[in-house]
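Shown below: structure-v5.csv, with CSV, C-alpha atoms and all ligand atoms.
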chain,number,residue,atom,x,y,z
J,124,MET,CA,-24.9,115.0,139.2
J,125,VAL,CA,-27.5,116.7,136.9
J,126,PRO,CA,-25.1,117.3,134.0
J,127,LEU,CA,-23.3,114.0,134.5
J,128,ASN,CA,-26.6,112.1,134.3
J,129,LEU,CA,-28.7,114.2,132.0
J,130,MET,CA,-26.4,116.0,129.5
J,131,GLY,CA,-26.4,112.9,127.4
J,132,GLU,CA,-25.5,112.8,123.7
J,133,ARG,CA,-26.7,116.3,123.0
J,134,GLY,CA,-24.2,117.6,125.5
J,135,HIS,CA,-25.7,121.0,126.1
J,136,ALA,CA,-28.3,122.5,128.5
J,137,ASP,CA,-30.1,125.8,129.2
J,138,TYR,CA,-29.7,127.6,132.6
J,139,ALA,CA,-31.7,130.5,134.1
J,140,LEU,CA,-29.4,132.6,136.3
J,141,THR,CA,-31.7,134.1,138.9
J,142,GLY,CA,-29.4,134.0,141.9
J,143,ASN,CA,-26.5,132.5,143.7
J,144,PHE,CA,-27.3,128.8,143.6
J,145,ALA,CA,-28.6,128.9,140.0
J,146,THR,CA,-25.4,130.5,139.0
J,147,LYS,CA,-23.3,128.0,140.9
J,148,ALA,CA,-25.1,125.2,139.2
J,149,TYR,CA,-24.4,126.8,135.8
J,150,GLU,CA,-20.7,127.2,136.5
J,151,GLU,CA,-20.4,123.7,137.7
J,152,ALA,CA,-22.3,122.2,134.8
J,153,GLN,CA,-19.9,124.0,132.3
J,154,LYS,CA,-17.3,121.4,133.3
J,155,TYR,CA,-19.4,118.7,131.5
J,156,GLY,CA,-20.9,120.4,128.5
J,157,ALA,CA,-22.0,123.5,126.7
J,158,CYS,CA,-24.3,125.5,128.9
J,159,HIS,CA,-26.4,128.3,127.5
J,160,VAL,CA,-27.8,131.2,129.6
J,161,ALA,CA,-31.5,131.1,128.8
J,162,ALA,CA,-32.1,134.1,131.0
J,163,SER,CA,-30.4,136.1,133.7
J,164,SER,CA,-31.4,138.7,136.2
J,165,ALA,CA,-27.8,139.5,137.2
J,166,GLU,CA,-27.8,143.0,135.7
J,167,GLU,CA,-30.4,144.0,138.3
J,168,ASN,CA,-28.7,142.2,141.2
J,169,HIS,CA,-31.3,139.4,140.9
J,170,THR,CA,-34.2,141.4,142.2
J,171,TYR,CA,-36.6,139.9,139.7
J,172,ILE,CA,-37.6,136.6,137.9
J,173,PRO,CA,-37.6,136.7,134.1
J,174,PRO,CA,-41.0,136.1,132.6
J,175,GLN,CA,-41.7,133.2,130.3
J,176,GLU,CA,-41.4,135.5,127.1
J,177,ALA,CA,-37.9,136.4,128.1
J,178,LEU,CA,-36.6,132.8,128.3
J,179,GLN,CA,-34.4,132.1,125.3
J,180,LEU,CA,-35.0,128.4,125.1
J,181,ASP,CA,-33.0,126.0,122.9
J,182,PRO,CA,-35.4,123.3,121.8
J,183,THR,CA,-32.5,120.9,121.4
J,184,ALA,CA,-31.2,121.3,125.0
J,185,SER,CA,-30.8,118.2,127.2
J,186,TYR,CA,-32.7,120.1,130.0
J,187,PHE,CA,-33.6,123.5,131.3
J,188,HIS,CA,-32.3,124.2,134.8
J,189,TYR,CA,-33.7,126.8,137.2
J,190,CYS,CA,-33.8,127.5,140.9
J,191,ALA,CA,-37.4,127.9,142.2
J,192,ASN,CA,-36.7,130.1,145.2
J,193,ASN,CA,-33.6,132.3,145.4
J,194,THR,CA,-32.8,132.0,149.0
J,195,ILE,CA,-30.3,134.9,149.2
J,196,TYR,CA,-32.1,137.4,147.0
J,197,GLY,CA,-35.6,136.7,148.3
J,198,THR,CA,-37.2,136.0,144.9
J,199,GLU,CA,-39.4,133.1,143.8
J,200,TRP,CA,-40.6,131.9,140.5
J,201,GLN,CA,-44.4,132.5,140.4
J,202,TYR,CA,-44.8,130.2,137.4
J,203,VAL,CA,-43.5,126.9,136.1
J,204,PRO,CA,-41.5,127.5,132.9
J,205,GLU,CA,-42.9,126.0,129.7
J,206,THR,CA,-40.1,124.3,127.9
J,207,GLY,CA,-41.9,121.9,125.5
J,208,SER,CA,-40.2,118.5,125.3
J,209,VAL,CA,-37.1,119.8,127.1
J,210,PRO,CA,-37.0,118.3,130.6
J,211,LEU,CA,-37.4,120.8,133.4
J,212,VAL,CA,-34.7,120.5,136.2
J,213,CYS,CA,-35.3,122.4,139.3
J,214,ASP,CA,-33.5,123.2,142.5
J,215,MET,CA,-36.3,123.4,145.1
J,216,SER,CA,-34.0,123.4,148.2
J,217,SER,CA,-35.6,126.5,149.8
J,218,ASN,CA,-39.3,126.2,148.9
J,219,ILE,CA,-40.1,122.5,148.6
J,220,LEU,CA,-43.1,121.5,150.7
J,221,SER,CA,-44.1,125.1,151.1
J,222,LYS,CA,-47.0,124.7,148.6
J,223,PRO,CA,-48.4,121.9,146.4
J,224,ILE,CA,-46.4,121.3,143.2
J,225,ASP,CA,-47.4,119.2,140.2
J,226,VAL,CA,-44.3,117.0,139.9
J,227,SER,CA,-45.5,115.8,136.4
J,228,HIS,CA,-44.2,119.1,135.0
J,229,TYR,CA,-40.6,118.2,135.9
J,230,GLY,CA,-37.9,115.9,134.6
J,231,LEU,CA,-36.0,116.2,137.9
J,232,ILE,CA,-36.4,118.0,141.2
J,233,TYR,CA,-33.7,118.2,143.8
J,234,ALA,CA,-33.7,119.7,147.2
J,235,GLY,CA,-31.3,119.8,150.1
J,236,ALA,CA,-33.4,118.9,153.2
J,237,GLN,CA,-32.1,121.5,155.6
J,238,LYS,CA,-34.5,124.4,154.8
J,239,ASN,CA,-38.0,122.9,154.9
J,240,MET,CA,-37.6,119.1,155.5
J,241,ALA,CA,-35.0,117.8,157.9
J,242,PRO,CA,-31.5,118.4,159.2
J,243,ALA,CA,-28.7,118.8,156.7
J,244,GLY,CA,-27.3,115.6,155.3
J,245,VAL,CA,-30.1,114.3,153.1
J,246,THR,CA,-31.1,115.5,149.6
J,247,VAL,CA,-34.4,114.6,148.1
J,248,VAL,CA,-34.5,113.8,144.4
J,249,ILE,CA,-37.6,113.3,142.4
J,250,LEU,CA,-36.9,112.2,138.8
J,251,ARG,CA,-38.6,110.7,135.8
J,252,ARG,CA,-37.7,107.1,135.3
J,253,ASP,CA,-36.9,107.6,131.6
J,254,LEU,CA,-34.1,110.0,132.5
J,255,VAL,CA,-32.3,107.4,134.6
J,256,GLY,CA,-29.7,105.2,132.9
J,257,SER,CA,-28.0,107.5,130.4
J,258,ALA,CA,-25.2,109.0,132.5
J,259,ARG,CA,-21.8,109.6,131.0
J,260,ALA,CA,-19.5,106.6,131.0
J,261,ASP,CA,-17.1,108.3,133.4
J,262,THR,CA,-19.8,109.1,136.0
J,263,PRO,CA,-18.6,108.0,139.5
J,264,ILE,CA,-20.9,105.3,140.8
J,265,MET,CA,-22.1,107.4,143.8
J,266,LEU,CA,-23.0,110.2,141.4
J,267,ASN,CA,-25.1,108.1,139.1
J,268,TYR,CA,-28.8,108.3,139.8
J,269,ALA,CA,-29.2,104.8,138.5
J,270,THR,CA,-27.2,103.5,141.4
J,271,HIS,CA,-29.6,105.1,143.9
J,272,VAL,CA,-32.7,104.0,142.1
J,273,LYS,CA,-31.4,100.4,141.8
J,274,GLY,CA,-30.3,100.4,145.5
J,275,ASP,CA,-33.5,101.9,146.8
J,276,SER,CA,-31.5,104.9,148.0
J,277,MET,CA,-29.4,102.5,150.1
J,278,HIS,CA,-26.4,101.9,147.9
J,279,ASN,CA,-24.4,103.1,150.9
J,280,THR,CA,-25.6,103.6,154.4
J,281,PRO,CA,-28.0,106.6,154.2
J,282,PRO,CA,-28.3,109.3,156.9
J,283,CYS,CA,-30.9,107.4,158.8
J,284,TRP,CA,-31.7,110.0,161.5
J,285,CYS,CA,-32.2,112.7,158.9
J,286,ILE,CA,-34.5,110.5,156.9
J,287,TYR,CA,-36.4,109.6,160.1
J,288,ILE,CA,-36.9,113.3,160.9
J,289,LEU,CA,-38.1,113.9,157.3
J,290,GLY,CA,-40.7,111.2,157.9
J,291,LEU,CA,-41.9,113.0,161.0
J,292,VAL,CA,-42.0,116.3,159.2
J,293,ALA,CA,-44.0,114.7,156.4
J,294,GLN,CA,-46.5,113.3,159.0
J,295,TRP,CA,-46.7,116.8,160.6
J,296,LEU,CA,-47.6,118.3,157.2
J,297,LEU,CA,-50.2,115.6,156.6
J,298,ASP,CA,-51.7,116.2,160.1
J,299,LEU,CA,-51.9,119.9,159.3
J,300,GLY,CA,-54.1,119.1,156.2
J,301,GLY,CA,-51.3,118.7,153.6
J,302,LEU,CA,-49.5,121.1,151.4
J,303,ALA,CA,-52.5,123.2,150.5
J,304,GLU,CA,-52.9,124.1,154.2
J,305,MET,CA,-49.2,124.7,154.5
J,306,GLU,CA,-49.4,127.1,151.6
J,307,LYS,CA,-52.2,129.1,153.2
J,308,ILE,CA,-50.1,129.5,156.3
J,309,ASN,CA,-47.1,130.6,154.2
J,310,VAL,CA,-49.2,133.1,152.2
J,311,GLN,CA,-50.4,134.6,155.5
J,312,LYS,CA,-46.9,134.7,157.0
J,313,ALA,CA,-45.4,136.4,153.9
J,314,ALA,CA,-48.3,138.9,153.7
J,315,LEU,CA,-47.7,140.0,157.3
J,316,LEU,CA,-44.2,141.2,156.4
J,317,TYR,CA,-44.7,142.4,152.8
J,318,ASP,CA,-47.9,144.4,153.7
J,319,TYR,CA,-45.9,146.1,156.5
J,320,LEU,CA,-42.9,146.7,154.1
J,321,ASP,CA,-45.2,148.3,151.6
J,322,GLU,CA,-46.4,150.8,154.2
J,323,SER,CA,-43.2,151.3,156.1
J,324,ARG,CA,-41.4,154.7,155.8
J,325,LEU,CA,-38.1,153.1,157.1
J,326,PHE,CA,-37.8,149.6,155.5
J,327,HIS,CA,-38.0,148.7,151.9
J,328,GLY,CA,-38.4,145.3,150.2
J,329,ALA,CA,-35.3,144.3,148.2
J,330,ALA,CA,-37.1,142.1,145.6
J,331,ARG,CA,-39.6,143.4,143.0
J,332,PRO,CA,-43.1,142.9,144.4
J,333,GLU,CA,-44.1,140.5,141.6
J,334,ALA,CA,-41.1,138.2,142.3
J,335,ARG,CA,-41.3,138.1,146.1
J,336,SER,CA,-40.4,134.9,147.9
J,337,ARG,CA,-42.7,133.5,150.5
J,338,MET,CA,-39.8,131.9,152.3
J,339,ASN,CA,-37.1,134.6,152.3
J,340,VAL,CA,-38.1,138.2,152.8
J,341,THR,CA,-35.3,140.6,152.0
J,342,PHE,CA,-35.4,144.2,153.1
J,343,ARG,CA,-33.3,147.2,154.0
J,344,THR,CA,-33.4,150.7,155.3
J,345,GLY,CA,-31.0,152.1,152.8
J,346,ASP,CA,-28.6,153.1,155.5
J,347,GLU,CA,-26.0,150.3,156.2
J,348,ALA,CA,-25.3,151.5,159.7
J,349,LEU,CA,-29.0,151.5,160.6
J,350,ASP,CA,-29.4,148.0,159.0
J,351,ALA,CA,-26.5,146.7,161.2
J,352,GLN,CA,-28.1,148.3,164.3
J,353,PHE,CA,-31.5,146.8,163.5
J,354,ALA,CA,-30.0,143.3,163.0
J,355,LYS,CA,-28.1,143.7,166.3
J,356,GLU,CA,-31.1,144.9,168.3
J,357,ALA,CA,-33.3,142.2,166.7
J,358,ALA,CA,-30.8,139.5,167.8
J,359,GLY,CA,-30.9,141.0,171.3
J,360,SER,CA,-34.7,140.5,171.3
J,361,GLY,CA,-34.5,136.9,170.1
J,362,PHE,CA,-34.9,137.4,166.4
J,363,SER,CA,-31.8,135.6,165.1
J,364,ASN,CA,-30.1,135.4,161.7
J,365,LEU,CA,-31.7,138.6,160.3
J,366,LYS,CA,-28.5,139.9,158.8
J,367,GLY,CA,-28.8,139.6,155.0
J,368,HIS,CA,-26.3,137.6,153.0
J,369,ARG,CA,-23.2,139.7,152.1
J,370,LEU,CA,-24.2,139.5,148.4
J,371,VAL,CA,-27.4,141.6,149.1
J,372,GLY,CA,-26.7,143.4,152.3
J,373,GLY,CA,-29.6,144.6,154.4
J,374,MET,CA,-31.8,142.0,156.2
J,375,ARG,CA,-33.4,138.7,155.4
J,376,ALA,CA,-36.1,137.1,157.3
J,377,SER,CA,-36.2,133.4,156.5
J,378,ILE,CA,-39.7,132.2,157.3
J,379,TYR,CA,-39.6,128.5,156.4
J,380,ASN,CA,-42.4,126.1,157.2
J,381,ALA,CA,-41.2,125.7,160.7
J,382,MET,CA,-41.7,129.4,161.5
J,383,PRO,CA,-45.1,129.9,163.0
J,384,VAL,CA,-47.4,132.8,162.2
J,385,GLU,CA,-46.9,134.2,165.7
J,386,GLY,CA,-43.1,134.4,165.1
J,387,VAL,CA,-43.6,136.5,161.9
J,388,ALA,CA,-46.1,138.7,163.6
J,389,ALA,CA,-43.7,139.3,166.5
J,390,LEU,CA,-41.0,140.3,164.0
J,391,ARG,CA,-43.4,142.7,162.2
J,392,ASP,CA,-44.2,144.3,165.5
J,393,PHE,CA,-40.5,144.6,166.4
J,394,MET,CA,-39.8,146.3,163.0
J,395,ALA,CA,-42.7,148.7,163.5
J,396,ALA,CA,-41.4,149.7,166.9
J,397,PHE,CA,-37.9,150.1,165.5
J,398,GLU,CA,-39.3,152.3,162.7
J,399,LYS,CA,-41.1,154.5,165.2
J,400,ALA,CA,-37.9,155.0,167.2
J,401,HIS,CA,-35.9,155.9,164.1
J,402,ILE,CA,-38.1,157.9,161.7
J,501,LIG,C1,-29.3,126.3,150.7
J,501,LIG,C2,-29.4,126.0,149.3
J,501,LIG,C3,-28.5,125.3,148.5
J,501,LIG,C4,-27.3,124.7,149.1
J,501,LIG,O1,-27.3,124.0,150.2
J,501,LIG,P1,-26.0,123.5,150.9
J,501,LIG,O2,-26.3,122.1,151.3
J,501,LIG,O3,-25.7,124.5,152.0
J,501,LIG,O4,-24.9,123.6,149.8
J,501,LIG,C5,-28.8,125.1,147.2
J,501,LIG,N1,-29.8,125.6,146.6
J,501,LIG,C6,-30.7,126.4,147.2
J,501,LIG,C7,-31.8,127.0,146.5
J,501,LIG,C8,-30.5,126.6,148.6
J,501,LIG,O5,-31.4,127.4,149.2

Write out the structure in this file as C-alpha cells.
Amino acid sequence: MVPLNLMGERGHADYALTGNFATKAYEEAQKYGACHVAASSAEENHTYIPPQEALQLDPTASYFHYCANNTIYGTEWQYVPETGSVPLVCDMSSNILSKPIDVSHYGLIYAGAQKNMAPAGVTVVILRRDLVGSARADTPIMLNYATHVKGDSMHNTPPCWCIYILGLVAQWLLDLGGLAEMEKINVQKAALLYDYLDESRLFHGAARPEARSRMNVTFRTGDEALDAQFAKEAAGSGFSNLKGHRLVGGMRASIYNAMPVEGVAALRDFMAAFEKAHI
C-alpha cells in the first residue's frame, strides 16, 4: 500500500534494509517503482543499525522507509532518521506502544496489531493528511488510504473484536500511566536480560550492544546442539517460543508489553541455572 499510495509522480523511494521485514517491504515496493537502498546491514547478518551518517539519502525520493524494530534479529533503531523534506515511512509492528513516539516526525507509520496491541487482523496506520489522495490510478480501492480515511476505517466491515481489544489495551496503558511508564517497564525488562548476557560465560547476545532491541532479545551459546537443548528444556519449564528464527538461529526472547517484569526475571534465573549446569 505504501508504494501504491506514496510513490507518486517521482516514482522512486529510499529503503533501509535492516532485517527481514524491511527487506520484504523493499522487494515488494520494487514492483511499483525504483527503490534505492539507502543503507543495509545485510553484510553483518543484520546485527546492527546504520548510523545517520551512513544513510545515503536521495533528497528527491518520494519517501524513506525503515523498520523501527527488527523482530527476528533483535535490533532496534535508537534514533529517528533525519530525512529533511522526504517523508519518513516506518513499520512499527513490533515496537509500537513500547515507548512514547513523536508522530510529527513521520509521514506514515504502520503496525500490525499482533505484537503489542491486539490480536492479528487489524493494522494501525497513522498518516499525514497531505499524503492522502495521490495514489496511482490503478490502485485497488481497498489498498487506497483515501478510501479508509473517507470511510472512517469502515469502508468494509472492520475486524470489530480486534479493534475492541485494542481499545482495552489502550485503556490498560493509560491506567498504567501512559507510554512513558510503559517505556520504564520495558527498559527494566530488557536490562534484566542484557545485563545477564553481558556477564554470562555461556550465552552471548546476537545484536551489537548499541543496537539492542527492547522487545526481542536474541542470544546464543555458540553451540547449536546446546541451543536446541536450552530451548527444549526452557519449553518444558513453561518458557515458550524461545527458539530463534531460522534466519538467525540461537534463541529469541520476545518480551512485548504484555510480558511482565516477573516473567523476564524468571527467564533470567532459568538461564543462569542452565549456565551453571553447563559451564
Ligand atoms: C510481525 C511483523 C510483520 C508482519 O506481520 P504479519 O502480519 O505476520 O505479516 C511486519 N513487520 C514487522 C516489523 C513485524 O514484526

Query raised in the report: Could you list, as a VMD selection string, all the residues within 9 Å of ligand LIG 501 (chain J), counting only C-alpha atoms and all ligand atoms?
Result: chain J and resid 142 to 145 147 to 148 190 to 195 214 to 218 233 to 238 243 to 246

Query - Selection: 8 Å around J:Met124, all atoms listed in the file, excl. self and same-chain fewer than 5 positions, as number ranges by chain - result: J: 266-268

I need the residues from that last selection saved to file as a PDB file, keeping the file's coordinate frame (with C-alpha atoms), if you can.
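Generated file (part-v1.pdb):
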ATOM      1  CA  LEU J 266     -23.000 110.200 141.400  1.00  0.00           C
ATOM      2  CA  ASN J 267     -25.100 108.100 139.100  1.00  0.00           C
ATOM      3  CA  TYR J 268     -28.800 108.300 139.800  1.00  0.00           C
TER       4      TYR J 268
END

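Using only C-alpha atoms, the contacts of J:Gly361 at a cut-off of 12 Å, with sequence neighbours closer than 4 positions omitted, comprise Ala354, Lys355, Glu356, Ala357, Leu365, Gly386, Ala389, Leu390 and Phe393 of chain J.
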
Query - Nearest-residue call for J:Arg251, choices J:Leu129, J:Gly345, J:Leu315, J:Leu180, using only C-alpha atoms - result: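 Looking only at the distances to J:Arg251, the closest residue turns out to be J:Leu129.
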
Query - Minimum-distance residue to J:Trp284, chosen among J:Ala184, J:Glu166, J:Pro126, J:Pro242 (using all atoms listed in the file) - result: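 Of J:Ala184, J:Glu166, J:Pro126, J:Pro242, the one nearest J:Trp284, counting all atoms listed in the file, is J:Pro242.
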
Query raised in the report: Could you name the residues that touch J:Asn128 at 12 Å or less, counting all atoms listed in the file, but leaving out those on the same chain fewer than 4 positions away, as a PyMOL selection string?
Result: chain J and resi 124+132+134+152+155-156+185-186+212+230-231+250+253-270

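From atom CA of J:Cys158 back to atom CA of J:Ala136, the distance works out to 5.0 Å.
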
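Checking J:Leu220, J:Thr170, J:Arg252, J:Gly290 one by one against J:Val272, counting all atoms listed in the file, you find the shortest gap at J:Arg252.
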
Requested in this report: Identify which of the residues J:Phe326, J:Tyr379, J:Trp295, J:Tyr287 lies closest to J:Ala313, counting only C-alpha atoms when measuring atom-to-atom distances.
Outcome: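 Looking only at the distances to J:Ala313, the closest residue turns out to be J:Tyr379.
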
Report task. Kindly provide, as a list in words, the polymer residues lying within 12 Å of (-42.1, 135.2, 128.4), counting all atoms listed in the file and using the coordinates exactly as they appear in the file. Result ->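 Looking at atoms near the point gives Ala161, Ala162, Ile172, Pro173, Pro174, Gln175, Glu176, Ala177, Leu178, Gln179, Leu180, Tyr202, Val203, Pro204, Glu205 and Thr206 of chain J.
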
Expected file: the selected residues, C-alpha atoms, as a PDB file, in the coordinates of the input:
ATOM      1  CA  ALA J 161     -31.500 131.100 128.800  1.00  0.00           C
ATOM      2  CA  ALA J 162     -32.100 134.100 131.000  1.00  0.00           C
ATOM      3  CA  ILE J 172     -37.600 136.600 137.900  1.00  0.00           C
ATOM      4  CA  PRO J 173     -37.600 136.700 134.100  1.00  0.00           C
ATOM      5  CA  PRO J 174     -41.000 136.100 132.600  1.00  0.00           C
ATOM      6  CA  GLN J 175     -41.700 133.200 130.300  1.00  0.00           C
ATOM      7  CA  GLU J 176     -41.400 135.500 127.100  1.00  0.00           C
ATOM      8  CA  ALA J 177     -37.900 136.400 128.100  1.00  0.00           C
ATOM      9  CA  LEU J 178     -36.600 132.800 128.300  1.00  0.00           C
ATOM     10  CA  GLN J 179     -34.400 132.100 125.300  1.00  0.00           C
ATOM     11  CA  LEU J 180     -35.000 128.400 125.100  1.00  0.00           C
ATOM     12  CA  TYR J 202     -44.800 130.200 137.400  1.00  0.00           C
ATOM     13  CA  VAL J 203     -43.500 126.900 136.100  1.00  0.00           C
ATOM     14  CA  PRO J 204     -41.500 127.500 132.900  1.00  0.00           C
ATOM     15  CA  GLU J 205     -42.900 126.000 129.700  1.00  0.00           C
ATOM     16  CA  THR J 206     -40.100 124.300 127.900  1.00  0.00           C
TER      17      THR J 206
END

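Comparing the minimum interatomic distances between J:Cys285 and each of J:Ala241, J:Gln153, J:Asp298, J:Ile308, counting all atoms listed in the file, we find that J:Ala241 sits nearest.
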
Query raised in the report: With only C-alpha atoms as the atoms that count, which of J:Glu398, J:Glu347, J:Glu151, J:Asp392 lies nearest to J:Leu127?
Result: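 Of J:Glu398, J:Glu347, J:Glu151, J:Asp392, the one nearest J:Leu127 is J:Glu151, counting only C-alpha atoms.
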
Requested in this report: Using atom CA of J:His278 and atom CA of J:Val226 as the two end points, give the distance in Å to one decimal.
Outcome: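 Rounded to one decimal, the two atoms are 24.7 Å apart.
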
Requested in this report: Have a look at atom CA of J:Ser336 and atom CA of J:Ile249 and let me know their distance in Å, one decimal.
Outcome: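 Computing it gives 22.5 Å between the two atoms.
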
Requested in this report: Anything within 10 Å of (-38.6, 139.5, 149.2): list those residues as number ranges by chain, counting only C-alpha atoms and sticking to the file's coordinates.
Outcome: J: 170-171, 193-199, 313, 316-317, 320, 327-342, 375-377

Would you mind exporting the chosen residues as a PDB file, in the coordinates of the input, restricted to C-alpha atoms?
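File produced: selection_23.pdb:
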ATOM      1  CA  THR J 170     -34.200 141.400 142.200  1.00  0.00           C
ATOM      2  CA  TYR J 171     -36.600 139.900 139.700  1.00  0.00           C
ATOM      3  CA  ASN J 193     -33.600 132.300 145.400  1.00  0.00           C
ATOM      4  CA  THR J 194     -32.800 132.000 149.000  1.00  0.00           C
ATOM      5  CA  ILE J 195     -30.300 134.900 149.200  1.00  0.00           C
ATOM      6  CA  TYR J 196     -32.100 137.400 147.000  1.00  0.00           C
ATOM      7  CA  GLY J 197     -35.600 136.700 148.300  1.00  0.00           C
ATOM      8  CA  THR J 198     -37.200 136.000 144.900  1.00  0.00           C
ATOM      9  CA  GLU J 199     -39.400 133.100 143.800  1.00  0.00           C
ATOM     10  CA  ALA J 313     -45.400 136.400 153.900  1.00  0.00           C
ATOM     11  CA  LEU J 316     -44.200 141.200 156.400  1.00  0.00           C
ATOM     12  CA  TYR J 317     -44.700 142.400 152.800  1.00  0.00           C
ATOM     13  CA  LEU J 320     -42.900 146.700 154.100  1.00  0.00           C
ATOM     14  CA  HIS J 327     -38.000 148.700 151.900  1.00  0.00           C
ATOM     15  CA  GLY J 328     -38.400 145.300 150.200  1.00  0.00           C
ATOM     16  CA  ALA J 329     -35.300 144.300 148.200  1.00  0.00           C
ATOM     17  CA  ALA J 330     -37.100 142.100 145.600  1.00  0.00           C
ATOM     18  CA  ARG J 331     -39.600 143.400 143.000  1.00  0.00           C
ATOM     19  CA  PRO J 332     -43.100 142.900 144.400  1.00  0.00           C
ATOM     20  CA  GLU J 333     -44.100 140.500 141.600  1.00  0.00           C
ATOM     21  CA  ALA J 334     -41.100 138.200 142.300  1.00  0.00           C
ATOM     22  CA  ARG J 335     -41.300 138.100 146.100  1.00  0.00           C
ATOM     23  CA  SER J 336     -40.400 134.900 147.900  1.00  0.00           C
ATOM     24  CA  ARG J 337     -42.700 133.500 150.500  1.00  0.00           C
ATOM     25  CA  MET J 338     -39.800 131.900 152.300  1.00  0.00           C
ATOM     26  CA  ASN J 339     -37.100 134.600 152.300  1.00  0.00           C
ATOM     27  CA  VAL J 340     -38.100 138.200 152.800  1.00  0.00           C
ATOM     28  CA  THR J 341     -35.300 140.600 152.000  1.00  0.00           C
ATOM     29  CA  PHE J 342     -35.400 144.200 153.100  1.00  0.00           C
ATOM     30  CA  ARG J 375     -33.400 138.700 155.400  1.00  0.00           C
ATOM     31  CA  ALA J 376     -36.100 137.100 157.300  1.00  0.00           C
ATOM     32  CA  SER J 377     -36.200 133.400 156.500  1.00  0.00           C
TER      33      SER J 377
END
